[in-house]
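Okay, upload31.txt now, which holds compact mmCIF, C-alpha atoms:
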```txt
# COMPACT_ATOMS: atom_id res chain seq x y z
CA MET N 236 -161.73 50.63 -72.88
CA SER N 237 -163.50 53.93 -72.28
CA GLN N 238 -165.03 54.33 -68.84
CA ASN N 239 -168.36 54.82 -70.60
CA LEU N 240 -168.20 53.69 -74.20
CA THR N 241 -171.81 54.55 -74.99
CA ARG N 242 -171.55 58.11 -73.72
CA ASP N 243 -168.21 58.78 -75.42
CA PHE N 244 -169.49 57.30 -78.69
CA ALA N 245 -172.58 59.52 -78.50
CA ILE N 246 -170.41 62.58 -77.81
CA GLU N 247 -168.26 61.85 -80.88
CA LEU N 248 -171.31 61.50 -83.12
CA ARG N 249 -173.11 64.53 -81.70
CA SER N 250 -170.05 66.74 -82.21
CA TRP N 251 -169.71 65.84 -85.91
CA SER N 252 -171.40 68.51 -88.03
CA ALA N 253 -171.74 66.27 -91.14
CA ASP N 254 -171.20 69.22 -93.47
CA ALA N 255 -168.00 68.29 -95.31
CA ALA N 256 -167.72 68.82 -99.05
CA GLY N 257 -169.54 66.23 -101.11
CA LEU N 258 -171.75 64.93 -98.32
CA ASP N 259 -174.97 66.49 -99.60
CA THR N 260 -174.42 64.94 -103.04
CA ILE N 261 -173.84 61.42 -101.74
CA ALA N 262 -176.67 61.67 -99.19
CA ARG N 263 -179.09 62.79 -101.89
CA LEU N 264 -178.04 59.92 -104.18
CA LEU N 265 -178.64 57.49 -101.34
CA LEU N 266 -182.07 59.01 -100.75
CA ILE N 267 -182.96 58.61 -104.44
CA ASP N 268 -181.63 55.07 -104.72
CA GLY N 269 -183.27 53.94 -101.50
CA LEU N 270 -186.68 55.32 -102.36
CA ALA N 271 -186.57 53.95 -105.90
CA VAL N 272 -185.72 50.47 -104.62
CA ALA N 273 -188.48 50.76 -101.98
CA VAL N 274 -191.07 51.63 -104.61
CA ALA N 275 -190.10 48.53 -106.58
CA GLY N 276 -190.00 46.39 -103.46
CA ALA N 277 -193.35 47.61 -102.10
CA ALA N 278 -195.24 45.17 -104.33
CA GLU N 279 -193.43 42.11 -102.96
CA PRO N 280 -195.38 39.69 -100.73
CA GLY N 281 -193.43 40.38 -97.52
CA PRO N 282 -194.07 44.14 -97.29
CA ARG N 283 -197.68 43.58 -98.43
CA LEU N 284 -198.33 41.06 -95.66
CA VAL N 285 -196.87 43.31 -92.97
CA GLY N 286 -198.85 46.22 -94.43
CA SER N 287 -202.09 44.29 -94.19
CA ALA N 288 -201.30 43.44 -90.57
CA ALA N 289 -200.72 47.13 -89.84
CA CYS N 290 -204.05 48.04 -91.40
CA ALA N 291 -205.78 45.45 -89.25
CA GLN N 292 -204.32 46.98 -86.10
CA GLY N 293 -205.23 50.54 -87.01
CA CYS N 294 -202.99 53.47 -86.08
CA ARG N 295 -202.74 57.24 -86.32
CA PRO N 296 -202.20 57.98 -90.06
CA ALA N 297 -199.04 60.06 -89.71
CA SER N 298 -196.49 58.48 -92.05
CA THR N 299 -196.79 57.10 -95.57
CA VAL N 300 -196.46 53.40 -96.36
CA ILE N 301 -194.83 53.37 -99.78
CA GLY N 302 -196.95 51.95 -102.56
CA GLN N 303 -199.75 50.58 -100.38
CA GLY N 304 -202.27 53.42 -100.34
CA PHE N 305 -202.35 54.19 -96.62
CA SER N 306 -200.53 55.91 -93.79
CA THR N 307 -199.92 54.65 -90.29
CA ALA N 308 -197.95 55.35 -87.13
CA PRO N 309 -194.31 56.33 -87.79
CA ALA N 310 -192.83 53.16 -86.29
CA GLN N 311 -195.05 50.90 -88.37
CA ALA N 312 -194.35 52.88 -91.54
CA ALA N 313 -190.62 52.66 -90.84
CA GLN N 314 -190.86 48.88 -90.48
CA ILE N 315 -192.86 48.29 -93.67
CA ASN N 316 -190.84 50.73 -95.77
CA GLY N 317 -187.61 49.24 -94.42
CA MET N 318 -188.77 45.86 -95.66
CA ALA N 319 -189.68 47.30 -99.05
CA MET N 320 -186.29 48.98 -99.32
CA HIS N 321 -184.45 45.73 -98.60
CA VAL N 322 -186.60 42.90 -99.95
CA LEU N 323 -185.15 43.03 -103.49
CA ASP N 324 -181.54 43.11 -102.19
CA TYR N 325 -181.02 46.04 -104.54
CA GLU N 326 -179.85 48.76 -102.13
CA PRO N 327 -176.15 49.72 -101.84
CA MET N 328 -173.67 47.46 -100.06
CA TRP N 329 -171.18 48.70 -97.46
CA ASN N 330 -167.82 47.52 -96.25
CA PRO N 331 -167.69 45.67 -93.84
CA PRO N 332 -170.84 43.97 -95.22
CA ASN N 333 -174.04 45.63 -94.08
CA HIS N 334 -177.29 47.21 -95.23
CA ALA N 335 -177.08 50.72 -93.88
CA LEU N 336 -179.85 52.32 -95.94
CA SER N 337 -182.98 50.26 -95.29
CA THR N 338 -182.31 50.25 -91.56
CA ILE N 339 -181.97 54.03 -91.17
CA LEU N 340 -183.62 55.97 -93.98
CA PRO N 341 -187.19 54.63 -93.51
CA ALA N 342 -187.08 55.58 -89.82
CA LEU N 343 -185.93 59.11 -90.62
CA LEU N 344 -188.53 59.57 -93.36
CA ALA N 345 -191.38 58.36 -91.16
CA LEU N 346 -190.31 60.59 -88.29
CA ALA N 347 -189.70 63.62 -90.52
CA GLU N 348 -193.02 63.25 -92.31
CA ALA N 349 -194.91 63.06 -89.02
CA ARG N 350 -193.12 66.19 -87.79
CA GLU N 351 -194.03 68.11 -90.93
CA MET N 352 -197.64 67.00 -90.63
CA GLU N 353 -197.62 68.52 -87.14
CA GLY N 354 -196.40 71.87 -88.50
CA ALA N 355 -192.61 71.57 -88.54
CA PRO N 356 -190.75 73.22 -91.45
CA PRO N 357 -189.36 71.05 -94.29
CA GLN N 358 -187.15 68.36 -92.80
CA GLY N 359 -185.08 67.45 -95.87
CA ALA N 360 -181.80 68.90 -94.61
CA ARG N 361 -182.24 67.22 -91.24
CA VAL N 362 -182.97 63.85 -92.86
CA LEU N 363 -179.86 64.00 -95.06
CA ARG N 364 -177.59 65.04 -92.19
CA SER N 365 -179.01 62.46 -89.79
CA LEU N 366 -178.74 59.72 -92.43
CA LEU N 367 -175.00 60.39 -92.62
CA LYS N 368 -174.68 60.07 -88.84
CA GLY N 369 -176.56 56.79 -88.89
CA ILE N 370 -174.32 55.41 -91.64
CA GLU N 371 -171.25 56.46 -89.65
CA THR N 372 -172.65 54.66 -86.62
CA GLN N 373 -173.29 51.42 -88.52
CA GLY N 374 -169.86 51.39 -90.15
CA ARG N 375 -168.10 51.86 -86.83
CA LEU N 376 -170.18 49.21 -85.10
CA ARG N 377 -169.40 46.75 -87.90
CA LEU N 378 -165.67 47.45 -87.55
CA ALA N 379 -165.89 47.07 -83.78
CA SER N 380 -167.62 43.70 -84.16
CA GLY N 381 -164.50 42.00 -85.47
CA GLN N 382 -166.72 40.10 -87.94
CA ILE N 383 -165.36 41.62 -91.13
CA GLU N 384 -165.63 38.76 -93.62
CA PRO N 385 -168.98 37.13 -94.42
CA LYS N 386 -167.69 33.75 -93.19
CA ASP N 387 -167.19 35.30 -89.73
CA LEU N 388 -170.81 36.32 -89.31
CA THR N 389 -172.89 34.72 -86.57
CA LEU N 390 -175.91 37.03 -86.97
CA HIS N 391 -177.31 39.11 -89.82
CA PRO N 392 -175.48 42.46 -89.42
CA PRO N 393 -178.29 44.95 -90.21
CA GLY N 394 -180.52 43.39 -87.58
CA VAL N 395 -177.76 43.73 -84.99
CA VAL N 396 -176.23 47.15 -85.66
CA GLY N 397 -179.20 48.68 -87.50
CA PRO N 398 -181.40 49.50 -84.47
CA ILE N 399 -178.58 51.42 -82.79
CA ALA N 400 -177.75 53.33 -85.96
CA ALA N 401 -181.41 54.20 -86.51
CA ALA N 402 -181.63 55.37 -82.90
CA VAL N 403 -178.60 57.63 -83.33
CA ALA N 404 -179.97 59.05 -86.59
CA CYS N 405 -183.45 59.66 -85.19
CA SER N 406 -181.98 61.19 -82.02
CA ASP N 407 -180.02 63.58 -84.19
CA LEU N 408 -183.09 64.51 -86.23
CA LEU N 409 -185.07 65.24 -83.06
CA GLY N 410 -182.17 67.12 -81.48
CA LEU N 411 -182.08 64.96 -78.36
CA ASN N 412 -179.53 65.85 -75.70
CA GLU N 413 -176.58 63.66 -74.76
CA ALA N 414 -178.35 61.76 -72.00
CA GLN N 415 -181.37 61.08 -74.21
CA MET N 416 -179.21 59.79 -77.07
CA VAL N 417 -177.33 57.51 -74.66
CA ALA N 418 -180.68 56.16 -73.47
CA ALA N 419 -181.87 55.65 -77.06
CA ILE N 420 -178.70 53.69 -77.87
CA GLY N 421 -179.18 51.55 -74.78
CA ILE N 422 -182.82 50.80 -75.56
CA ALA N 423 -181.97 49.92 -79.16
CA ALA N 424 -179.14 47.64 -78.02
CA SER N 425 -181.72 45.40 -76.37
CA ARG N 426 -183.82 45.27 -79.54
CA ALA N 427 -181.14 43.92 -81.87
CA GLY N 428 -180.96 40.55 -83.61
CA GLY N 429 -181.49 38.54 -86.78
CA VAL N 430 -180.44 34.95 -87.49
CA LEU N 431 -178.73 34.05 -90.74
CA ALA N 432 -181.01 31.04 -91.12
CA ASN N 433 -183.66 33.41 -92.45
CA VAL N 434 -181.52 34.69 -95.33
CA GLY N 435 -183.46 33.78 -98.47
CA SER N 436 -186.87 34.12 -96.83
CA MET N 437 -189.30 36.99 -96.23
CA THR N 438 -187.87 37.36 -92.74
CA LYS N 439 -184.50 38.63 -94.00
CA ALA N 440 -186.12 41.90 -95.08
CA LEU N 441 -187.94 42.02 -91.75
CA HIS N 442 -184.54 42.27 -90.05
CA CYS N 443 -184.04 45.63 -91.75
CA GLY N 444 -187.61 46.77 -91.23
CA ASP N 445 -187.46 45.86 -87.56
CA ALA N 446 -184.15 47.70 -87.20
CA ALA N 447 -185.73 50.89 -88.54
CA ARG N 448 -188.79 50.46 -86.33
CA ASN N 449 -186.88 49.53 -83.19
CA GLY N 450 -184.41 52.39 -83.55
CA LEU N 451 -187.23 54.89 -84.08
CA GLU N 452 -189.21 53.55 -81.13
CA ALA N 453 -186.10 53.61 -78.93
CA THR N 454 -185.66 57.28 -79.77
CA MET N 455 -189.29 58.14 -79.09
CA LEU N 456 -189.09 56.38 -75.73
CA ALA N 457 -185.84 58.12 -74.79
CA ALA N 458 -187.35 61.49 -75.72
CA ARG N 459 -190.06 60.82 -73.14
CA GLY N 460 -187.62 59.96 -70.39
CA PHE N 461 -187.45 56.17 -70.79
CA SER N 462 -184.14 54.94 -69.36
CA SER N 463 -181.55 52.27 -70.13
CA ASN N 464 -178.18 51.20 -68.77
CA GLU N 465 -175.76 54.11 -69.07
CA ASP N 466 -173.18 51.97 -70.91
CA ALA N 467 -175.22 49.38 -72.76
CA LEU N 468 -172.52 49.11 -75.46
CA GLY N 469 -169.34 48.66 -73.45
CA GLY N 470 -170.41 47.33 -70.08
CA PRO N 471 -169.47 43.79 -68.95
CA ARG N 472 -172.96 42.56 -69.87
CA GLY N 473 -173.38 44.99 -72.74
CA PHE N 474 -173.95 44.84 -76.48
CA GLY N 475 -170.31 44.35 -77.52
CA ARG N 476 -169.60 41.36 -75.33
CA ALA N 477 -173.06 39.81 -75.78
CA TYR N 478 -172.97 39.78 -79.57
CA PHE N 479 -169.27 39.58 -80.44
CA GLY N 480 -167.43 38.28 -77.36
CA GLU N 481 -163.65 38.64 -77.37
CA ARG N 482 -163.66 39.92 -80.94
CA PHE N 483 -165.32 43.17 -79.92
CA ASP N 484 -162.95 46.15 -80.25
CA PRO N 485 -164.28 49.51 -79.02
CA ALA N 486 -161.52 51.54 -80.69
CA PRO N 487 -163.40 52.16 -83.99
CA LEU N 488 -166.28 53.69 -82.03
CA LEU N 489 -164.09 56.37 -80.48
CA ALA N 490 -161.77 57.31 -83.35
CA PRO N 491 -162.13 60.95 -84.48
CA ILE N 492 -164.29 61.38 -87.58
CA ARG N 493 -161.88 62.75 -90.18
CA VAL N 494 -163.15 61.24 -93.43
CA PRO N 495 -166.72 59.95 -92.88
CA ARG N 496 -167.51 56.39 -93.88
CA VAL N 497 -170.13 57.55 -96.35
CA LEU N 498 -167.18 58.85 -98.41
CA GLU N 499 -164.47 56.34 -97.47
CA PRO N 500 -165.05 53.56 -98.29
CA GLY N 501 -168.55 54.76 -99.23
CA PRO N 502 -171.31 52.66 -100.80
CA ALA N 503 -170.97 50.04 -103.50
CA TRP N 504 -173.93 50.75 -105.80
CA LYS N 505 -175.87 47.65 -106.79
CA LEU N 506 -176.75 47.16 -110.44
CA PHE N 507 -178.21 43.68 -109.88
CA PRO N 508 -181.02 42.86 -107.38
CA SER N 509 -179.24 40.07 -105.46
CA GLN N 510 -176.85 39.38 -102.59
CA TYR N 511 -173.66 41.33 -103.18
CA ALA N 512 -171.18 38.45 -103.46
CA THR N 513 -173.28 37.04 -106.31
CA HIS N 514 -172.48 40.19 -108.30
CA PHE N 515 -168.96 38.84 -108.78
CA ALA N 516 -170.35 35.61 -110.21
CA ILE N 517 -172.90 37.46 -112.33
CA THR N 518 -170.22 39.72 -113.81
CA ALA N 519 -167.92 36.79 -114.63
CA ALA N 520 -170.85 34.82 -116.10
CA LEU N 521 -171.92 37.73 -118.30
CA ASP N 522 -168.33 38.03 -119.54
CA CYS N 523 -168.36 34.30 -120.33
CA ARG N 524 -171.62 34.60 -122.22
CA ARG N 525 -170.23 37.39 -124.41
CA ALA N 526 -167.36 35.07 -125.33
CA LEU N 527 -169.56 32.08 -126.25
CA PRO N 528 -169.24 31.11 -129.93
CA ASP N 529 -172.49 31.12 -131.89
CA GLY N 530 -174.33 27.83 -131.62
CA SER N 531 -172.18 26.54 -128.76
CA ALA N 532 -173.65 24.28 -126.07
CA ILE N 533 -172.65 24.39 -122.41
CA ARG N 534 -171.62 21.04 -120.93
CA ARG N 535 -170.61 22.13 -117.43
CA VAL N 536 -170.21 25.28 -115.31
CA THR N 537 -167.65 25.54 -112.49
CA ILE N 538 -167.70 28.45 -110.07
CA THR N 539 -164.71 29.12 -107.79
CA THR N 540 -165.43 31.44 -104.85
CA PRO N 541 -164.30 32.36 -101.34
CA VAL N 542 -165.67 30.30 -98.47
CA MET N 543 -169.24 31.58 -98.14
CA PRO N 544 -171.43 28.62 -97.16
CA TYR N 545 -174.68 30.55 -96.98
CA ILE N 546 -174.43 31.50 -100.68
CA ASP N 547 -173.76 27.91 -101.72
CA ARG N 548 -177.31 27.03 -102.79
CA PRO N 549 -177.20 24.50 -105.63
CA SER N 550 -180.99 24.21 -105.80
CA PRO N 551 -182.65 27.34 -104.38
CA GLU N 552 -186.15 26.76 -103.08
CA SER N 553 -187.67 29.82 -104.75
CA GLY N 554 -186.84 32.78 -106.92
CA LEU N 555 -186.28 34.81 -103.75
CA ASP N 556 -183.90 32.14 -102.44
CA GLY N 557 -182.07 32.38 -105.77
CA LYS N 558 -180.85 35.87 -104.83
CA PHE N 559 -178.51 34.12 -102.39
CA SER N 560 -177.29 31.37 -104.70
CA TYR N 561 -173.97 31.69 -106.51
CA GLN N 562 -175.10 28.85 -108.76
CA TYR N 563 -178.48 30.24 -109.79
CA CYS N 564 -177.20 33.78 -110.36
CA ALA N 565 -174.42 32.50 -112.62
CA VAL N 566 -176.78 30.19 -114.51
CA ALA N 567 -179.35 32.96 -115.06
CA ALA N 568 -176.65 35.32 -116.34
CA LEU N 569 -175.32 32.68 -118.74
CA LEU N 570 -178.77 31.79 -120.06
CA ASP N 571 -180.32 35.25 -120.33
CA GLY N 572 -177.38 37.59 -120.74
CA ARG N 573 -178.87 39.89 -118.12
CA ILE N 574 -180.09 39.97 -114.53
CA SER N 575 -183.32 41.80 -113.70
CA LEU N 576 -186.12 41.73 -111.16
CA ALA N 577 -187.80 39.01 -113.24
CA THR N 578 -184.74 36.77 -112.83
CA PHE N 579 -185.82 36.04 -109.27
CA SER N 580 -189.39 35.05 -109.96
CA ASP N 581 -190.37 31.44 -109.25
CA GLN N 582 -191.29 31.12 -112.92
CA ARG N 583 -187.73 31.84 -114.08
CA ARG N 584 -186.10 29.87 -111.29
CA PHE N 585 -188.01 26.68 -112.19
CA ALA N 586 -187.94 27.08 -115.97
CA PRO N 587 -186.60 23.89 -117.61
CA ASP N 588 -183.41 25.48 -118.95
CA ALA N 589 -182.48 26.87 -115.53
CA VAL N 590 -183.19 23.55 -113.79
CA ASP N 591 -181.14 21.70 -116.40
CA LEU N 592 -178.07 23.96 -116.25
CA LEU N 593 -178.16 24.14 -112.45
CA ALA N 594 -177.82 20.36 -112.39
CA ARG N 595 -174.59 20.72 -114.38
CA THR N 596 -173.14 23.55 -112.25
CA VAL N 597 -170.50 22.91 -109.58
CA LEU N 598 -169.34 25.30 -106.86
CA SER N 599 -165.84 25.16 -105.38
CA GLN N 600 -165.13 27.31 -102.30
CA SER N 601 -161.45 28.07 -101.77
CA PRO N 602 -160.01 29.17 -98.40
CA ASP N 603 -157.18 30.80 -100.36
CA ILE N 604 -159.55 33.48 -101.70
CA SER N 605 -160.34 36.39 -99.38
CA GLY N 606 -163.99 36.78 -98.47
CA ARG N 607 -163.75 40.54 -98.03
CA PHE N 608 -165.86 42.29 -100.62
CA ASP N 609 -163.01 44.71 -101.38
CA ALA N 610 -160.46 41.92 -101.86
CA MET N 611 -162.30 38.84 -103.16
CA HIS N 612 -162.75 37.39 -106.63
CA VAL N 613 -164.93 34.80 -108.31
CA GLU N 614 -163.88 32.73 -111.33
CA ILE N 615 -166.22 30.91 -113.69
CA THR N 616 -165.23 28.19 -116.13
CA VAL N 617 -167.74 27.28 -118.83
CA ALA N 618 -166.92 23.94 -120.44
CA LEU N 619 -168.42 23.57 -123.93
CA ASP N 620 -169.49 20.42 -125.73
CA ASN N 621 -166.75 20.97 -128.31
CA GLY N 622 -164.09 20.59 -125.60
CA ALA N 623 -163.24 24.28 -125.27
CA ASP N 624 -163.25 26.12 -121.94
CA ILE N 625 -164.16 29.77 -121.42
CA VAL N 626 -162.76 31.23 -118.20
CA ARG N 627 -163.52 34.65 -116.76
CA ARG N 628 -162.72 36.19 -113.37
CA CYS N 629 -164.34 39.15 -111.60
CA SER N 630 -162.41 40.95 -108.86
CA ALA N 631 -164.75 43.93 -108.62
CA PRO N 632 -168.24 44.43 -110.08
CA VAL N 633 -169.14 47.76 -111.70
CA GLY N 634 -170.35 50.11 -108.96
CA SER N 635 -167.98 48.71 -106.36
CA TRP N 636 -165.33 50.63 -104.46
CA SER N 637 -162.61 50.08 -107.08
CA ARG N 638 -164.98 50.48 -110.07
CA PRO N 639 -167.10 53.51 -109.16
CA ILE N 640 -169.96 54.70 -111.34
CA ALA N 641 -171.15 58.20 -112.19
CA PRO N 642 -174.14 59.64 -110.30
CA GLU N 643 -176.04 59.66 -113.58
CA LEU N 644 -176.04 55.85 -113.61
CA VAL N 645 -177.54 55.73 -110.11
CA GLN N 646 -180.22 58.16 -111.25
CA ALA N 647 -180.86 56.08 -114.38
CA LYS N 648 -181.45 53.03 -112.18
CA ALA N 649 -183.90 55.09 -110.10
CA HIS N 650 -185.75 56.32 -113.19
CA ASP N 651 -186.07 52.72 -114.39
CA LEU N 652 -187.56 51.61 -111.06
CA LEU N 653 -189.70 54.66 -110.35
CA ASP N 654 -191.12 56.23 -113.45
CA GLY N 655 -193.27 53.37 -114.69
CA SER N 656 -194.47 52.46 -111.21
CA LEU N 657 -195.49 55.97 -110.18
CA GLY N 658 -196.91 57.20 -113.46
CA GLU N 659 -195.86 60.39 -115.22
CA GLU N 660 -197.52 62.89 -112.88
CA ARG N 661 -196.24 61.46 -109.61
CA ALA N 662 -192.81 60.74 -111.07
CA ASP N 663 -192.52 64.37 -112.18
CA ILE N 664 -193.44 65.52 -108.67
CA PHE N 665 -190.89 63.17 -107.12
CA TRP N 666 -188.02 64.33 -109.32
CA GLN N 667 -188.94 67.97 -108.86
CA LEU N 668 -189.01 67.65 -105.08
CA VAL N 669 -185.90 65.54 -104.72
CA GLY N 670 -183.93 68.15 -106.67
CA MET N 671 -184.86 71.01 -104.32
CA PRO N 672 -182.33 72.60 -101.93
CA ALA N 673 -182.12 70.40 -98.85
CA ASP N 674 -183.51 73.01 -96.45
CA GLU N 675 -186.58 73.43 -98.67
CA LEU N 676 -187.22 69.74 -99.35
CA PRO N 677 -190.59 68.68 -97.86
CA ILE N 678 -190.45 65.07 -96.78
CA ALA N 679 -194.24 64.81 -96.51
CA GLY N 680 -194.66 65.88 -100.13
CA LEU N 681 -191.93 63.52 -101.26
CA MET N 682 -193.56 60.57 -99.53
CA ARG N 683 -197.00 61.39 -100.92
CA ALA N 684 -195.49 61.38 -104.39
CA LEU N 685 -194.57 57.74 -103.91
CA GLY N 686 -198.20 56.72 -104.20
CA GLY N 687 -198.65 55.70 -100.60
CA VAL N 688 -201.33 58.30 -99.83
CA SER N 689 -204.46 58.94 -101.86
CA ASP N 690 -204.96 62.59 -102.65
```

Exercise: express the given structure as structure tokens:
Amino acid sequence: MSQNLTRDFAIELRSWSADAAGLDTIARLLLIDGLAVAVAGAAEPGPRLVGSAACAQGCRPASTVIGQGFSTAPAQAAQINGMAMHVLDYEPMWNPPNHALSTILPALLALAEAREMEGAPPQGARVLRSLLKGIETQGRLRLASGQIEPKDLTLHPPGVVGPIAAAVACSDLLGLNEAQMVAAIGIAASRAGGVLANVGSMTKALHCGDAARNGLEATMLAARGFSSNEDALGGPRGFGRAYFGERFDPAPLLAPIRVPRVLEPGPAWKLFPSQYATHFAITAALDCRRALPDGSAIRRVTITTPVMPYIDRPSPESGLDGKFSYQYCAVAALLDGRISLATFSDQRRFAPDAVDLLARTVLSQSPDISGRFDAMHVEITVALDNGADIVRRCSAPVGSWSRPIAPELVQAKAHDLLDGSLGEERADIFWQLVGMPADELPIAGLMRALGGVSD
């Protein structure tokens, strides 16, 4: 192991210029997708409740809270917007499994907006570059964890690696020196966590919001001289051993950055607002539905998956909980022929046809199927009343690493989420600004266009 893993990791990240071909395009797509999802998610109860708590506390109005009509301190805005960006489970997935966007981007946007409001030039180029460094950080930390398959997880990954990645990204945006970045990483390492028991509840999105907030606050403290252990990642009582024990492997943190992780493996773009493994079941179920003969009646549904106990939810407690249920996602796809935001309302979850078909749906988890998102498959068998069986298998949903989609489809998703919510005038402003050259892109103007600040 390195004599000082934290310092050497910081040196590697600081030395990477993040200017390779194609990086601006992918970073800008991530910015668009993340903000569009956050606008849609801003109306959900979780972000609204945390927003009302922020209003009650009162803070310097420096950074926009998306969709809630007020601004607040950067750290609070990062937390609330991180929740909004994650609550629908509609942001891109990464490999190993993680949510790298909602944990980093809201922190950068809040910090950049506050800087511009204090007179700094447009921060768009800095945000895009720093986002890439944060994504690189998260990917390497996930590899180092040794918890690659979902069944290996002991904690919710974005809550564990997200604060450190946000701290690295915010340190880069502020231009902190090596010692300050090391301190920010160390502070963030003590502010990591998130139990899997809360998957399916409002608190899951809070893991991502807290990661953005904690990483930003760690950076702001380090910039003021706040200290931490000089090797909080690799020391004998450090982050790696505390969270991952003997599985922790520091090698991925120190490998030279040749092809950045934002390009290889890159994001898997989500076209359904649910936990990523359910996309395999949804895709197979939609294929089954297209093959159903007219007038046919379903007698039984069997779903065969990898071992993923936390997505085995035969009777989800709410529409939100249904986002993490193989059974409900497959049933909804079979019944409706589509999956949308409305799929995960309590009204749809407890509709009689969904309740009835869920009762006739069986899940079988096979240890012979890999649980890695880039190697797994899900098979669905629909048994009909006439004795026929329809069987379909999905090994890769559209938008995944082996079935990439064109940038235009990501933008179409964003238009669908944004344009109606913002109204024509604000939507036009958003699209005009987000298309500007990066070094001219004003983050403050972009955030105001999202309806979080009254003109």

Next on the checklist: Env of Ala467 of chain N: 10 Å cut, atoms = only C-alpha atoms, seq-sep filter 4 positions within chain, self excluded. Answer as a PyMOL selection string.
Outcome noted: chain N and resi 239-242+417-418+420-425+463+471-475

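Residue neighbourhood of Tyr478 of chain N, excluding near-sequence residues (fewer than 2 positions): Ser380, Thr389, Leu390, Val395, Ala427, Gly428, Gly473, Phe474, Gly475, Arg476, Gly480, Glu481, Arg482 and Phe483 of chain N, at 10 Å, using all atoms listed in the file.
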
File dump, residues just selected, C-alpha atoms, as a compact mmCIF listing (two decimals), in the coordinates of the input:
```
# COMPACT_ATOMS: atom_id res chain seq x y z
CA SER N 380 -167.62 43.70 -84.16
CA THR N 389 -172.89 34.72 -86.57
CA LEU N 390 -175.91 37.03 -86.97
CA VAL N 395 -177.76 43.73 -84.99
CA ALA N 427 -181.14 43.92 -81.87
CA GLY N 428 -180.96 40.55 -83.61
CA GLY N 473 -173.38 44.99 -72.74
CA PHE N 474 -173.95 44.84 -76.48
CA GLY N 475 -170.31 44.35 -77.52
CA ARG N 476 -169.60 41.36 -75.33
CA GLY N 480 -167.43 38.28 -77.36
CA GLU N 481 -163.65 38.64 -77.37
CA ARG N 482 -163.66 39.92 -80.94
CA PHE N 483 -165.32 43.17 -79.92
```

Which residues are near Ala255 of chain N? Cut-off 10 Å, all atoms listed in the file, ignore same chain within fewer than 2 positions. Put them as a ChimeraX atom specification. /N:251-253,257-259,493-495,498

Using all atoms listed in the file, tabulate the residues of segment 317-400 of chain N lying at most 12 Å from any atom of segment 271-275 of chain N, each with its closest atom pair and that distance in Å to one decimal, by chain and increasing residue number, as a tab-separated table.
```
residue	atom	partner	partner_atom	distance
N:Gly317	CA	N:Ala273	CA	7.8
N:Met318	CA	N:Ala273	CA	8.0
N:Ala319	CA	N:Ala273	CA	4.7
N:Met320	CA	N:Ala273	CA	3.9
N:His321	CA	N:Ala273	CA	7.3
N:Val322	CA	N:Ala273	CA	8.3
N:Leu323	CA	N:Val272	CA	7.5
N:Asp324	CA	N:Val272	CA	8.8
N:Tyr325	CA	N:Val272	CA	6.5
N:Glu326	CA	N:Val272	CA	6.6
N:Pro327	CA	N:Val272	CA	10.0
N:Leu336	CA	N:Val272	CA	10.6
N:Ser337	CA	N:Ala273	CA	8.7
N:Leu340	CA	N:Ala273	CA	10.7
N:Pro341	CA	N:Ala273	CA	9.4
```

So that I have them on file, write out the residues from the current selection with C-alpha atoms, as an mmCIF file, in the frame of the given file.
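Done, and the output landed in selection_24.cif:
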```cif
data_model
loop_
_atom_site.group_PDB
_atom_site.id
_atom_site.type_symbol
_atom_site.label_atom_id
_atom_site.label_comp_id
_atom_site.auth_asym_id
_atom_site.auth_seq_id
_atom_site.Cartn_x
_atom_site.Cartn_y
_atom_site.Cartn_z
ATOM 1 C CA GLY N 317 -187.610 49.240 -94.420
ATOM 2 C CA MET N 318 -188.770 45.860 -95.660
ATOM 3 C CA ALA N 319 -189.680 47.300 -99.050
ATOM 4 C CA MET N 320 -186.290 48.980 -99.320
ATOM 5 C CA HIS N 321 -184.450 45.730 -98.600
ATOM 6 C CA VAL N 322 -186.600 42.900 -99.950
ATOM 7 C CA LEU N 323 -185.150 43.030 -103.490
ATOM 8 C CA ASP N 324 -181.540 43.110 -102.190
ATOM 9 C CA TYR N 325 -181.020 46.040 -104.540
ATOM 10 C CA GLU N 326 -179.850 48.760 -102.130
ATOM 11 C CA PRO N 327 -176.150 49.720 -101.840
ATOM 12 C CA LEU N 336 -179.850 52.320 -95.940
ATOM 13 C CA SER N 337 -182.980 50.260 -95.290
ATOM 14 C CA LEU N 340 -183.620 55.970 -93.980
ATOM 15 C CA PRO N 341 -187.190 54.630 -93.510
#
```

Nearest to Asp624 of chain N, restricted to only C-alpha atoms and choosing among N:Pro487, N:Gly680, N:Pro528, N:Pro639, comes out as N:Pro528

One residue among N:Ser630, N:Thr518, N:Asn449, N:Ser605 is nearest to Met543 of chain N when using only C-alpha atoms, and that residue is N:Ser605

Taken to one decimal, the atom CA of Glu452 of chain N-atom CA of Ala297 of chain N distance is 14.6 Å

In terms of only C-alpha atoms, the residue from N:Gly276, N:Ala512, N:Lys368, N:Ile301 at minimal distance from Arg607 of chain N is N:Ala512

Correct to one decimal, the distance atom CA of Arg448 of chain N-atom CA of Gln314 of chain N is 4.9 Å

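Of the residues under consideration (N:Arg548, N:Arg595, N:Arg496, N:Arg524), N:Arg524 shows the shortest atom-to-atom contact distance to Leu569 of chain N when counting only C-alpha atoms.
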
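Distance check against Gly269 of chain N using all atoms listed in the file: of N:Ala400, N:Val285, N:Leu653, N:Leu346, the minimum falls on N:Leu653.
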
One residue among N:Asn333, N:Thr299, N:Thr338, N:Gln358 is nearest to Val403 of chain N when using all atoms listed in the file, and that residue is N:Thr338
